[in-house]
$ cat upload_10.txt   # compact mmCIF, C-alpha atoms
# COMPACT_ATOMS: atom_id res chain seq x y z
CA ASN A 1 -30.88 27.02 2.27
CA ALA A 2 -29.73 25.88 -1.20
CA GLY A 3 -33.10 25.00 -2.83
CA VAL A 4 -32.57 23.88 -6.44
CA THR A 5 -28.97 23.96 -7.65
CA GLN A 6 -28.00 23.72 -11.30
CA THR A 7 -24.49 23.27 -12.67
CA PRO A 8 -22.86 24.54 -14.75
CA LYS A 9 -24.23 28.06 -15.16
CA PHE A 10 -22.72 28.45 -18.63
CA GLN A 11 -21.50 25.93 -21.20
CA VAL A 12 -20.33 26.01 -24.79
CA LEU A 13 -20.39 22.75 -26.73
CA LYS A 14 -19.38 21.76 -30.21
CA THR A 15 -21.92 20.03 -32.42
CA GLY A 16 -21.92 16.30 -31.69
CA GLN A 17 -20.49 16.54 -28.19
CA SER A 18 -22.35 15.11 -25.24
CA MET A 19 -22.76 16.53 -21.77
CA THR A 20 -24.82 16.31 -18.61
CA LEU A 21 -26.58 19.21 -16.95
CA GLN A 22 -26.79 18.66 -13.22
CA CYS A 23 -29.75 19.46 -11.00
CA ALA A 24 -29.97 18.84 -7.27
CA GLN A 25 -32.56 19.83 -4.68
CA ASP A 26 -32.33 19.61 -0.91
CA MET A 27 -36.03 20.05 -0.10
CA ASN A 28 -37.02 16.35 -0.39
CA HIS A 29 -39.41 17.19 -3.22
CA GLU A 30 -40.90 14.26 -5.12
CA TYR A 31 -41.47 16.03 -8.44
CA MET A 32 -38.66 17.33 -10.61
CA SER A 33 -38.68 18.61 -14.16
CA TRP A 34 -36.54 20.15 -16.87
CA TYR A 35 -37.60 23.06 -19.09
CA ARG A 36 -35.90 24.92 -21.89
CA GLN A 37 -36.46 28.63 -22.41
CA ASP A 38 -36.18 30.12 -25.87
CA PRO A 39 -36.93 33.73 -26.92
CA GLY A 40 -40.58 34.22 -27.75
CA MET A 41 -41.47 30.65 -26.80
CA GLY A 42 -41.67 30.72 -23.03
CA LEU A 43 -40.67 27.58 -21.14
CA ARG A 44 -41.24 24.16 -22.64
CA LEU A 45 -41.18 20.91 -20.68
CA ILE A 46 -38.48 18.45 -21.71
CA HIS A 47 -38.76 15.62 -19.16
CA TYR A 48 -40.18 15.19 -15.69
CA SER A 49 -40.09 12.75 -12.79
CA VAL A 50 -42.69 11.99 -10.12
CA GLY A 51 -40.22 10.17 -7.89
CA ALA A 52 -37.02 8.15 -7.80
CA GLY A 53 -36.94 5.61 -10.61
CA ILE A 54 -39.84 7.18 -12.52
CA THR A 55 -39.44 9.54 -15.47
CA ASP A 56 -41.58 10.60 -18.41
CA GLN A 57 -41.40 12.74 -21.51
CA GLY A 58 -42.65 16.28 -21.78
CA GLU A 59 -43.35 18.41 -24.82
CA VAL A 60 -39.86 18.49 -26.37
CA PRO A 61 -37.93 15.34 -25.29
CA ASN A 62 -36.01 14.55 -28.49
CA GLY A 63 -32.24 14.65 -28.06
CA TYR A 64 -32.38 14.50 -24.25
CA ASN A 65 -32.25 11.71 -21.69
CA VAL A 66 -32.94 11.78 -17.96
CA SER A 67 -32.72 9.44 -15.00
CA ARG A 68 -33.77 9.71 -11.37
CA SER A 69 -31.75 7.37 -9.18
CA THR A 70 -32.22 9.46 -6.03
CA THR A 71 -34.84 11.91 -4.80
CA GLU A 72 -32.29 14.71 -4.78
CA ASP A 73 -30.78 14.50 -8.27
CA PHE A 74 -32.26 14.77 -11.75
CA PRO A 75 -29.54 15.10 -14.42
CA LEU A 76 -30.31 15.98 -18.04
CA ARG A 77 -28.13 14.40 -20.71
CA LEU A 78 -27.56 15.74 -24.20
CA LEU A 79 -26.54 12.75 -26.28
CA SER A 80 -25.19 14.54 -29.37
CA ALA A 81 -25.49 18.30 -29.12
CA ALA A 82 -27.03 20.24 -32.00
CA PRO A 83 -27.24 24.03 -32.56
CA SER A 84 -31.02 23.76 -32.09
CA GLN A 85 -30.34 22.85 -28.45
CA THR A 86 -28.84 26.28 -27.78
CA SER A 87 -31.09 27.51 -24.99
CA VAL A 88 -31.41 28.30 -21.31
CA TYR A 89 -32.30 25.22 -19.30
CA PHE A 90 -34.19 25.32 -16.01
CA CYS A 91 -34.69 22.58 -13.48
CA ALA A 92 -37.65 22.76 -11.09
CA SER A 93 -38.94 20.78 -8.12
CA THR A 94 -42.28 20.58 -6.30
CA LYS A 95 -43.42 18.88 -3.14
CA THR A 96 -46.44 16.55 -3.25
CA GLY A 97 -49.59 18.40 -2.26
CA ASN A 98 -47.98 21.77 -2.76
CA THR A 99 -48.47 23.93 -5.82
CA GLU A 100 -45.30 26.00 -5.94
CA ALA A 101 -42.54 24.93 -8.28
CA PHE A 102 -39.06 26.01 -7.19
CA PHE A 103 -36.68 26.81 -10.03
CA GLY A 104 -32.92 26.71 -10.28
CA GLN A 105 -30.91 29.64 -11.62
CA GLY A 106 -30.61 28.11 -15.06
CA THR A 107 -27.87 26.82 -17.36
CA ARG A 108 -27.13 28.83 -20.48
CA LEU A 109 -25.99 26.39 -23.18
CA THR A 110 -24.55 27.36 -26.54
CA VAL A 111 -23.90 24.74 -29.21
CA VAL A 112 -21.60 25.86 -32.02
CA ALA B 1 -54.32 19.47 -23.76
CA GLN B 2 -54.06 23.00 -22.48
CA SER B 3 -52.51 26.18 -23.74
CA VAL B 4 -51.74 29.67 -22.50
CA THR B 5 -51.74 32.87 -24.53
CA GLN B 6 -49.97 36.04 -23.48
CA LEU B 7 -50.76 38.46 -26.27
CA ASP B 8 -48.41 41.23 -25.15
CA SER B 9 -44.76 40.33 -25.58
CA GLN B 10 -43.59 43.72 -24.26
CA VAL B 11 -45.32 46.28 -22.05
CA PRO B 12 -43.68 49.65 -21.29
CA VAL B 13 -45.19 51.53 -18.35
CA PHE B 14 -44.26 54.75 -16.60
CA GLU B 15 -43.21 54.46 -12.97
CA GLU B 16 -46.13 54.74 -10.52
CA ALA B 17 -48.66 54.04 -13.29
CA PRO B 18 -50.98 51.01 -13.17
CA VAL B 19 -50.34 47.95 -15.30
CA GLU B 20 -52.28 44.94 -16.54
CA LEU B 21 -50.62 41.92 -18.12
CA ARG B 22 -53.06 39.74 -20.01
CA CYS B 23 -53.30 35.96 -19.90
CA ASN B 24 -55.86 33.69 -21.55
CA TYR B 25 -55.91 29.93 -21.32
CA SER B 26 -57.68 26.98 -22.87
CA SER B 27 -58.27 23.60 -21.29
CA SER B 28 -60.80 20.79 -21.40
CA VAL B 29 -60.55 20.21 -17.65
CA SER B 30 -60.38 22.28 -14.49
CA VAL B 31 -57.14 24.15 -14.20
CA TYR B 32 -54.86 25.75 -11.69
CA LEU B 33 -53.38 29.09 -12.76
CA PHE B 34 -50.11 30.73 -11.87
CA TRP B 35 -48.05 33.83 -12.52
CA TYR B 36 -44.27 33.54 -12.28
CA VAL B 37 -41.74 36.38 -12.44
CA GLN B 38 -38.22 36.16 -13.83
CA TYR B 39 -35.81 38.94 -12.93
CA PRO B 40 -32.81 39.42 -15.24
CA ASN B 41 -30.40 36.47 -15.23
CA GLN B 42 -32.38 34.62 -12.58
CA GLY B 43 -34.72 31.67 -12.33
CA LEU B 44 -38.48 31.93 -12.00
CA GLN B 45 -40.29 32.58 -8.74
CA LEU B 46 -43.96 32.28 -7.94
CA LEU B 47 -45.87 35.57 -7.88
CA LEU B 48 -49.35 34.22 -7.16
CA LYS B 49 -51.66 31.31 -7.84
CA TYR B 50 -55.33 30.44 -8.23
CA LEU B 51 -56.44 26.99 -7.12
CA SER B 52 -60.07 27.50 -6.08
CA GLY B 53 -62.30 29.82 -4.06
CA SER B 54 -62.12 33.59 -4.39
CA THR B 55 -61.46 34.63 -7.95
CA LEU B 56 -59.30 37.57 -6.85
CA VAL B 57 -55.91 36.42 -5.64
CA LYS B 58 -53.18 38.54 -4.15
CA GLY B 59 -49.51 37.84 -4.52
CA ILE B 60 -46.15 39.23 -3.56
CA ASN B 61 -44.92 42.74 -4.32
CA GLY B 62 -48.43 44.22 -4.55
CA PHE B 63 -49.58 42.18 -7.55
CA GLU B 64 -53.03 40.65 -7.87
CA ALA B 65 -54.86 38.63 -10.50
CA GLU B 66 -58.47 37.80 -11.22
CA PHE B 67 -59.68 34.46 -12.48
CA ASN B 68 -62.54 34.78 -14.97
CA LYS B 69 -63.86 31.37 -15.95
CA SER B 70 -66.32 32.62 -18.57
CA GLN B 71 -63.59 34.56 -20.38
CA THR B 72 -60.90 31.96 -19.59
CA SER B 73 -58.63 34.73 -18.42
CA PHE B 74 -56.25 35.33 -15.53
CA HIS B 75 -54.96 38.87 -15.95
CA LEU B 76 -52.25 40.26 -13.66
CA ARG B 77 -52.54 43.78 -12.26
CA LYS B 78 -50.65 46.23 -10.12
CA PRO B 79 -52.03 49.68 -9.25
CA SER B 80 -48.64 51.43 -9.15
CA VAL B 81 -45.44 49.97 -10.57
CA HIS B 82 -41.88 50.54 -9.43
CA ILE B 83 -38.57 50.34 -11.24
CA SER B 84 -37.89 47.08 -9.41
CA ASP B 85 -40.87 45.46 -11.19
CA THR B 86 -38.87 45.37 -14.42
CA ALA B 87 -38.85 41.67 -15.28
CA GLU B 88 -40.42 39.04 -17.49
CA TYR B 89 -43.75 37.65 -16.36
CA PHE B 90 -45.05 34.22 -17.26
CA CYS B 91 -48.58 32.92 -16.97
CA ALA B 92 -48.83 29.15 -16.49
CA VAL B 93 -51.50 26.47 -16.12
CA SER B 94 -51.60 22.93 -14.79
CA ASP B 95 -54.49 20.51 -14.61
CA TYR B 96 -53.61 18.87 -11.30
CA LEU B 97 -51.60 19.50 -8.18
CA GLY B 98 -47.88 18.89 -8.37
CA ASN B 99 -46.83 21.26 -11.14
CA GLU B 100 -44.62 18.71 -12.83
CA LYS B 101 -46.47 19.51 -16.06
CA LEU B 102 -46.83 23.26 -16.12
CA THR B 103 -47.73 24.80 -19.46
CA PHE B 104 -46.30 28.29 -19.84
CA GLY B 105 -47.23 31.25 -21.95
CA THR B 106 -44.60 32.97 -24.05
CA GLY B 107 -44.01 35.67 -21.46
CA THR B 108 -44.47 39.43 -21.19
CA ARG B 109 -41.50 41.69 -20.67
CA LEU B 110 -42.47 44.57 -18.38
CA THR B 111 -40.29 47.66 -18.72
CA ILE B 112 -40.73 50.50 -16.24
CA ILE B 113 -39.95 53.97 -17.58
CA PRO B 114 -38.63 56.42 -14.96

$ encode --input "upload_10.txt" --output "structure tokens"
Amino acid sequence: NAGVTQTPKFQVLKTGQSMTLQCAQDMNHEYMSWYRQDPGMGLRLIHYSVGAGITDQGEVPNGYNVSRSTTEDFPLRLLSAAPSQTSVYFCASTKTGNTEAFFGQGTRLTVV
Amino acid sequence: AQSVTQLDSQVPVFEEAPVELRCNYSSSVSVYLFWYVQYPNQGLQLLLKYLSGSTLVKGINGFEAEFNKSQTSFHLRKPSVHISDTAEYFCAVSDYLGNEKLTFGTGTRLTIIP
């Protein structure tokens, strides 16, 4: 029972590099979202998707892109990494009509 | 727009003592309220939720919370804590089912003192 799987668990990037954080869920959930967690700031919504082909911006979308080509996958792309993007990133999914969001284990990203 | 305030960033409590973690929210529409727990180096898991009905909700691990609409609060309580309750606790709000737009508080780190 995998749930929500995020890869990688840890990543170090140099300023200006690009990368994709992967998120996959095997629960057939329609809703998926990306959050970043920073000390003293809780979790802030970056982007979310209500279904395949549909995405929208959250509270802090600048510097990130997403796409949703399948129900299962919701990758987060950093176009040109900056030190301000050093954070822990969480992916979450929710089934329509339910109220429990299931979270992945997180990706700890450091940009130097 | 909605917001969540967790005034206590850290709460130290002796083992077997009671604890209350405070959460206040603001919203212009009806809300759904949640408490999530994050154990060290893990993701978040749902502790309990209030959608409607009884204002006292019970969750996992002996936690409960009470929704108070007049005070816009949703405080989390446990009558007797255990070492294993050491974690960070997040209060969250959404204004419709689906949770794709949860708004989180800044979190409260609960430390249990043996």

$ residues_around --input "upload_10.txt" --residues "segment 24-27 of chain B" --least-positions-apart "6" --cutoff "10 Å" --atoms "only C-alpha atoms" --output "PyMOL selection string"
chain B and resi 1-7+33+67-69+71-75+91-95+103-105

$ residues_around --input "upload_10.txt" --residues "Ile60 of chain B" --least-positions-apart "2" --cutoff "8 Å" --atoms "all atoms listed in the file" --output "count of residues only"
5

$ interface_residues --input "upload_10.txt" --of "chain B" --to "chain A" --cutoff "10 Å" --atoms "only C-alpha atoms" --output "count of residues only"
35

$ residues_around --input "upload_10.txt" --residues "Leu110 of chain B" --least-positions-apart "5" --cutoff "6 Å" --atoms "all atoms listed in the file" --output "mmCIF file with C-alpha atoms, in the frame of the given file"
data_model
loop_
_atom_site.group_PDB
_atom_site.id
_atom_site.type_symbol
_atom_site.label_atom_id
_atom_site.label_comp_id
_atom_site.auth_asym_id
_atom_site.auth_seq_id
_atom_site.Cartn_x
_atom_site.Cartn_y
_atom_site.Cartn_z
ATOM 1 C CA VAL B 11 -45.320 46.280 -22.050
ATOM 2 C CA PRO B 12 -43.680 49.650 -21.290
ATOM 3 C CA THR B 86 -38.870 45.370 -14.420
ATOM 4 C CA ALA B 87 -38.850 41.670 -15.280
ATOM 5 C CA GLU B 88 -40.420 39.040 -17.490
#

$ closest_residue --input "upload_10.txt" --among "A:Met19, A:Val112, A:Val12, A:Ala52" --to "Ser84 of chain A" --atoms "only C-alpha atoms"
A:Val112

$ atom_distance --input "upload_10.txt" --atom1 "atom CA of Val81 of chain B" --atom2 "atom CA of Glu64 of chain B"
12.3 Å
